[in-house]
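Q: As input, take final26.txt (compact mmCIF, C-alpha atoms):
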```
# COMPACT_ATOMS: atom_id res chain seq x y z
CA MET A 89 0.00 0.00 0.00
CA THR A 90 1.46 3.34 -0.99
CA GLN A 91 1.01 6.35 1.16
CA THR A 92 0.08 9.60 -0.48
CA LYS A 93 1.27 12.78 1.07
CA THR A 94 -1.33 15.35 1.83
CA PRO A 95 -0.36 18.77 0.55
CA ARG A 96 0.55 21.34 3.15
CA GLY A 97 -1.10 24.72 3.14
CA LEU A 98 -4.22 25.75 1.30
CA THR A 99 -5.60 24.30 -1.85
CA ARG A 100 -6.42 26.73 -4.63
CA ARG A 101 -10.13 26.29 -3.91
CA GLN A 102 -9.64 27.06 -0.21
CA LEU A 103 -7.53 30.11 -1.03
CA LEU A 104 -10.12 31.51 -3.42
CA SER A 105 -12.93 30.78 -1.01
CA ARG A 106 -11.22 32.54 1.89
CA ALA A 107 -10.09 35.49 -0.22
CA THR A 108 -13.64 36.01 -1.43
CA ALA A 109 -14.97 35.81 2.11
CA ILE A 110 -12.46 38.37 3.37
CA GLY A 111 -13.06 40.67 0.44
CA ALA A 112 -16.78 40.54 1.04
CA GLY A 113 -16.31 41.25 4.73
CA PHE A 114 -17.63 44.76 4.33
CA VAL A 115 -19.99 46.14 1.77
CA ALA A 116 -19.33 49.83 1.32
CA GLY A 117 -21.25 52.33 -0.68
CA THR A 118 -21.48 56.07 -0.79
CA GLY A 119 -22.32 57.10 2.74
CA PHE A 120 -23.27 53.57 3.82
CA LEU A 121 -21.37 50.69 5.37
CA ALA A 122 -22.69 47.24 6.22
CA ALA A 123 -21.11 44.09 7.55
CA SER A 124 -21.41 41.08 5.27
CA ASP A 125 -23.21 39.10 7.95
CA ALA A 126 -25.76 41.93 8.32
CA ALA A 127 -24.96 42.23 12.02
CA TRP A 128 -24.75 45.98 11.63
CA ALA A 129 -25.14 48.68 9.07
CA THR A 130 -24.85 52.41 9.37
CA GLU A 131 -25.17 55.49 7.28
CA MET A 132 -22.18 57.76 7.39
CA ASN A 133 -22.25 61.54 7.27
CA ALA A 134 -18.65 62.69 7.07
CA LEU A 135 -16.17 59.79 7.24
CA LYS A 136 -15.09 57.59 4.36
CA PRO A 137 -16.45 54.02 4.54
CA ASP A 138 -12.95 52.51 4.96
CA THR A 139 -12.18 54.97 7.73
CA PHE A 140 -15.36 54.07 9.58
CA ALA A 141 -14.75 50.33 9.17
CA THR A 142 -11.22 50.81 10.52
CA LEU A 143 -12.59 52.81 13.44
CA VAL A 144 -14.99 49.99 14.33
CA GLN A 145 -12.15 47.42 14.20
CA LEU A 146 -9.95 49.75 16.26
CA ALA A 147 -12.69 50.03 18.89
CA ARG A 148 -13.04 46.26 19.03
CA ASP A 149 -9.27 45.87 19.38
CA ILE A 150 -9.00 48.46 22.17
CA TYR A 151 -11.88 47.00 24.21
CA PRO A 152 -12.32 43.42 22.99
CA HIS A 153 -15.44 41.63 24.16
CA ASP A 154 -16.44 38.56 22.19
CA ARG A 155 -20.03 38.73 23.43
CA VAL A 156 -20.56 42.40 22.51
CA PRO A 157 -21.95 42.67 18.97
CA ASP A 158 -20.33 44.92 16.36
CA GLU A 159 -23.38 47.17 16.30
CA ASN A 160 -22.55 48.38 19.82
CA TYR A 161 -19.04 49.28 18.69
CA VAL A 162 -20.57 51.13 15.73
CA ILE A 163 -22.75 53.13 18.12
CA ALA A 164 -19.72 53.84 20.31
CA VAL A 165 -17.69 55.38 17.45
CA LYS A 166 -20.57 57.05 15.59
CA GLY A 167 -19.73 60.34 17.34
CA TYR A 168 -16.55 60.61 15.25
CA ASP A 169 -18.64 60.73 12.05
CA THR A 170 -19.24 64.46 12.21
CA PRO A 171 -17.81 67.35 10.19
CA ASP A 172 -16.04 68.62 13.32
CA GLU A 173 -14.26 65.32 13.92
CA VAL A 174 -13.63 64.15 10.35
CA ASP A 175 -10.19 65.75 9.80
CA ALA A 176 -8.68 64.47 13.05
CA THR A 177 -10.23 61.03 12.63
CA GLU A 178 -9.13 60.63 9.00
CA ALA A 179 -5.61 61.77 9.96
CA GLY A 180 -5.52 59.29 12.85
CA ILE A 181 -6.61 56.40 10.65
CA ARG A 182 -4.00 57.42 8.04
CA MET A 183 -1.36 57.28 10.80
CA LEU A 184 -2.63 53.84 11.81
CA ASP A 185 -2.54 52.62 8.21
CA GLU A 186 1.01 53.99 7.78
CA ALA A 187 2.11 52.08 10.88
CA ALA A 188 0.53 48.95 9.37
CA ARG A 189 2.35 49.52 6.06
CA ALA A 190 5.63 49.86 7.96
CA ARG A 191 4.98 46.32 9.20
CA GLY A 192 4.29 44.99 5.71
CA TYR A 193 0.50 45.24 5.57
CA GLY A 194 -1.55 47.31 3.15
CA ARG A 195 -3.59 48.94 5.92
CA TYR A 196 -4.76 48.30 9.47
CA LEU A 197 -7.81 46.32 8.32
CA ASP A 198 -5.51 43.94 6.43
CA ILE A 199 -3.88 42.71 9.64
CA GLY A 200 -5.63 39.40 10.19
CA TRP A 201 -4.47 38.48 13.65
CA GLU A 202 -5.73 40.39 16.67
CA ARG A 203 -2.38 39.88 18.37
CA ASP A 204 -0.61 41.70 15.51
CA ARG A 205 -3.12 44.57 15.57
CA VAL A 206 -2.68 44.94 19.34
CA ASP A 207 1.12 45.02 18.92
CA LEU A 208 0.68 47.84 16.42
CA LEU A 209 -1.66 49.69 18.80
CA ARG A 210 0.94 49.47 21.56
CA GLN A 211 3.28 51.29 19.20
CA ILE A 212 0.88 54.26 18.91
CA GLU A 213 -0.82 54.16 22.32
CA ASP A 214 0.80 57.42 23.44
CA SER A 215 -0.56 59.34 20.43
CA ASP A 216 -3.32 61.90 20.92
CA PHE A 217 -5.49 60.05 18.41
CA PHE A 218 -5.31 56.72 20.25
CA GLN A 219 -5.94 58.33 23.63
CA LYS A 220 -8.94 60.24 22.27
CA ILE A 221 -10.53 57.11 20.80
CA ARG A 222 -9.75 55.01 23.89
CA GLY A 223 -11.17 57.64 26.22
CA GLY A 224 -14.29 58.13 24.13
CA LEU A 225 -14.95 54.40 24.06
CA VAL A 226 -15.18 54.19 27.84
CA THR A 227 -18.44 56.08 27.82
CA GLY A 228 -19.44 55.41 24.21
CA LEU A 229 -19.40 51.64 24.67
CA TYR A 230 -20.12 51.03 28.33
CA ASN A 231 -22.92 53.60 28.71
CA GLN A 232 -25.12 51.68 26.28
CA LYS A 233 -27.92 49.99 28.19
CA ALA A 234 -27.91 47.21 25.58
CA VAL A 235 -24.49 45.98 26.73
CA TRP A 236 -25.19 46.09 30.46
CA PRO A 237 -26.83 42.65 30.64
CA ILE A 238 -23.82 41.14 28.85
CA PHE A 239 -21.65 42.18 31.79
CA GLY A 240 -24.27 41.40 34.45
CA TYR A 241 -24.85 45.05 35.35
CA GLU A 242 -28.45 45.70 36.32
CA GLY A 243 -28.29 49.47 35.97
CA GLU A 244 -28.83 52.21 38.50
CA SER A 245 -30.67 51.28 41.66
CA PHE A 246 -31.47 54.62 43.28
CA SER A 247 -34.96 54.66 41.79
CA MET A 248 -35.54 51.17 43.24
CA GLY A 249 -34.42 51.91 46.78
CA GLY A 250 -30.65 51.66 46.36
CA TYR A 251 -28.26 48.75 46.38
CA ILE A 252 -28.70 47.94 50.05
CA ASP A 253 -32.33 46.91 49.48
CA ARG A 254 -31.64 45.42 46.08
CA GLY A 255 -28.78 43.00 46.71
CA PHE A 256 -25.58 45.05 46.70
CA ASP A 257 -23.50 41.88 46.87
CA ASP A 258 -25.08 39.95 44.00
CA ILE A 259 -22.60 41.14 41.38
CA ALA A 260 -21.60 38.18 39.26
CA TRP A 261 -19.46 39.75 36.55
CA LEU A 262 -16.30 40.46 38.58
```
Would you write out, as structure tokens, the structure that this file holds?
A:
Amino acid sequence: MTQTKTPRGLTRRQLLSRATAIGAGFVAGTGFLAASDAAWATEMNALKPDTFATLVQLARDIYPHDRVPDENYVIAVKGYDTPDEVDATEAGIRMLDEAARARGYGRYLDIGWERDRVDLLRQIEDSDFFQKIRGGLVTGLYNQKAVWPIFGYEGESFSMGGYIDRGFDDIAWL
């Protein structure tokens, strides 16, 4: 009985299939951006579709939560899609893309591994752009009532008599 070696790496069919899936990851049109899985879609006012998609990925990389849907990250960064913020945001994303090109990628969105994107973010974490986005995400993401149940937070309790009468020690998400 002769043994046949299995080829290492991807077959041509697998390569084409994966490349098509990655390329179709985002559907972008004039003023509109949607994820291919239809998990979220948004209309943009000032930012370019690629810039907004990069901003959403950046938000997910800064505060990664597997159970938080993309649409909550979209809501968290939507405030940067204004005429007042567009210049600074576009410049920040250009800086991020340049840092990605210096590492051999076409742009930040082309970096497939989260670990590699986080390494790149560590390189720019002292920049004003990174600090502005990171700071804005604290309230932009975590002040959404839709994400509170994911973390086990029940919301304010003052209107219900306070935490003493409502089980102050029942926190399960720490």
Q: So, counting all atoms listed in the file, which residue among A:Val235, A:Leu229, A:Ile252, A:Leu135 is closest to A:Ala176?
A: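 The shortest atom-to-atom distance to A:Ala176 comes from A:Leu135.
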Q: For A:Asp154, work out the shell of residues within 12 Å, counting all atoms listed in the file and skipping chain neighbours fewer than 5 positions away, then give it as a ChimeraX atom specification.
A: /A:148-149,160-161,235,238-239
Q: For those residues, write C-alpha atoms to a file as a compact mmCIF listing (two decimals), keeping the file's coordinate frame.
A:
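Listing of again-v2.txt after writing:
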```
# COMPACT_ATOMS: atom_id res chain seq x y z
CA ARG A 148 -13.04 46.26 19.03
CA ASP A 149 -9.27 45.87 19.38
CA ASN A 160 -22.55 48.38 19.82
CA TYR A 161 -19.04 49.28 18.69
CA VAL A 235 -24.49 45.98 26.73
CA ILE A 238 -23.82 41.14 28.85
CA PHE A 239 -21.65 42.18 31.79
```
Q: Identify which of the residues A:Gly192, A:Gly200, A:Gly228, A:Gly240 lies closest to A:Val162, counting all atoms listed in the file when measuring atom-to-atom distances.
A: A:Gly228
Q: For A:Leu143, which residue out of A:Pro171, A:Glu186, A:Phe218, A:Pro157 is the nearest one, using all atoms listed in the file?
A: A:Phe218
Q: Would you compute the distance between atom CA of A:Met132 and atom CA of A:Ile181? Give it in Å to one decimal.
A: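 Atom-to-atom, atom CA of A:Met132 to atom CA of A:Ile181, that is 16.0 Å.
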Q: Using all atoms listed in the file, which of the listed residues (A:Arg210, A:Leu146, A:Glu159, A:Asp172) sits closest to A:Ala134?
A: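 Under the stated criterion, the closest residue is A:Asp172.
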Q: When you look at A:Thr142 with a cut-off of 8 Å (counting all atoms listed in the file), what residues show up, excluding the ones that are within fewer than 3 positions of it in the same chain? I need them as a PyMOL selection string.
A: chain A and resi 138-139+145-146+181+196-197
Q: So, with all atoms listed in the file as the atoms that count, which of A:Gly180, A:Gly243, A:Pro152, A:Gly167 lies closest to A:Glu213?
A: A:Gly180
Q: Record the distance separating atom CA of A:Leu208 and atom CA of A:Thr170, expressed in Å with one decimal.
A: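 The value is 26.3 Å.
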Q: Extract, using only C-alpha atoms, all DNA, RNA and protein residues at most 12 Å from A:Gly224, discarding same-chain residues fewer than 5 positions from it, and format them as JSON, numbers by chain.
A: {"A": [147, 150, 151, 161, 163, 164, 165, 166, 167, 168, 217, 218, 219, 229, 230, 231]}
Q: Using Å and a single decimal, report how far atom CA of A:Val226 sits from atom CA of A:Thr177.
A: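 Value for the atom CA of A:Thr177-atom CA of A:Val226 distance: 17.4 Å.
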Q: Calculated over all atoms listed in the file, which of the candidates A:Arg191, A:Arg155, A:Lys233, A:Arg182 has the smallest distance to A:Asp207?
A: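 Counting all atoms listed in the file, the residue closest to A:Asp207 is A:Arg191.
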Q: Draw an axis-aligned box tight on the listed atoms of stretch 182-193 of chain A, then pad every side by 5 Å and write out centre and edge lengths in Å to one decimal as AutoDock Vina command-line options.
A:
```
--center_x 0.8 --center_y 51.2 --center_z 8.7 --size_x 19.6 --size_y 22.4 --size_z 16.2
```
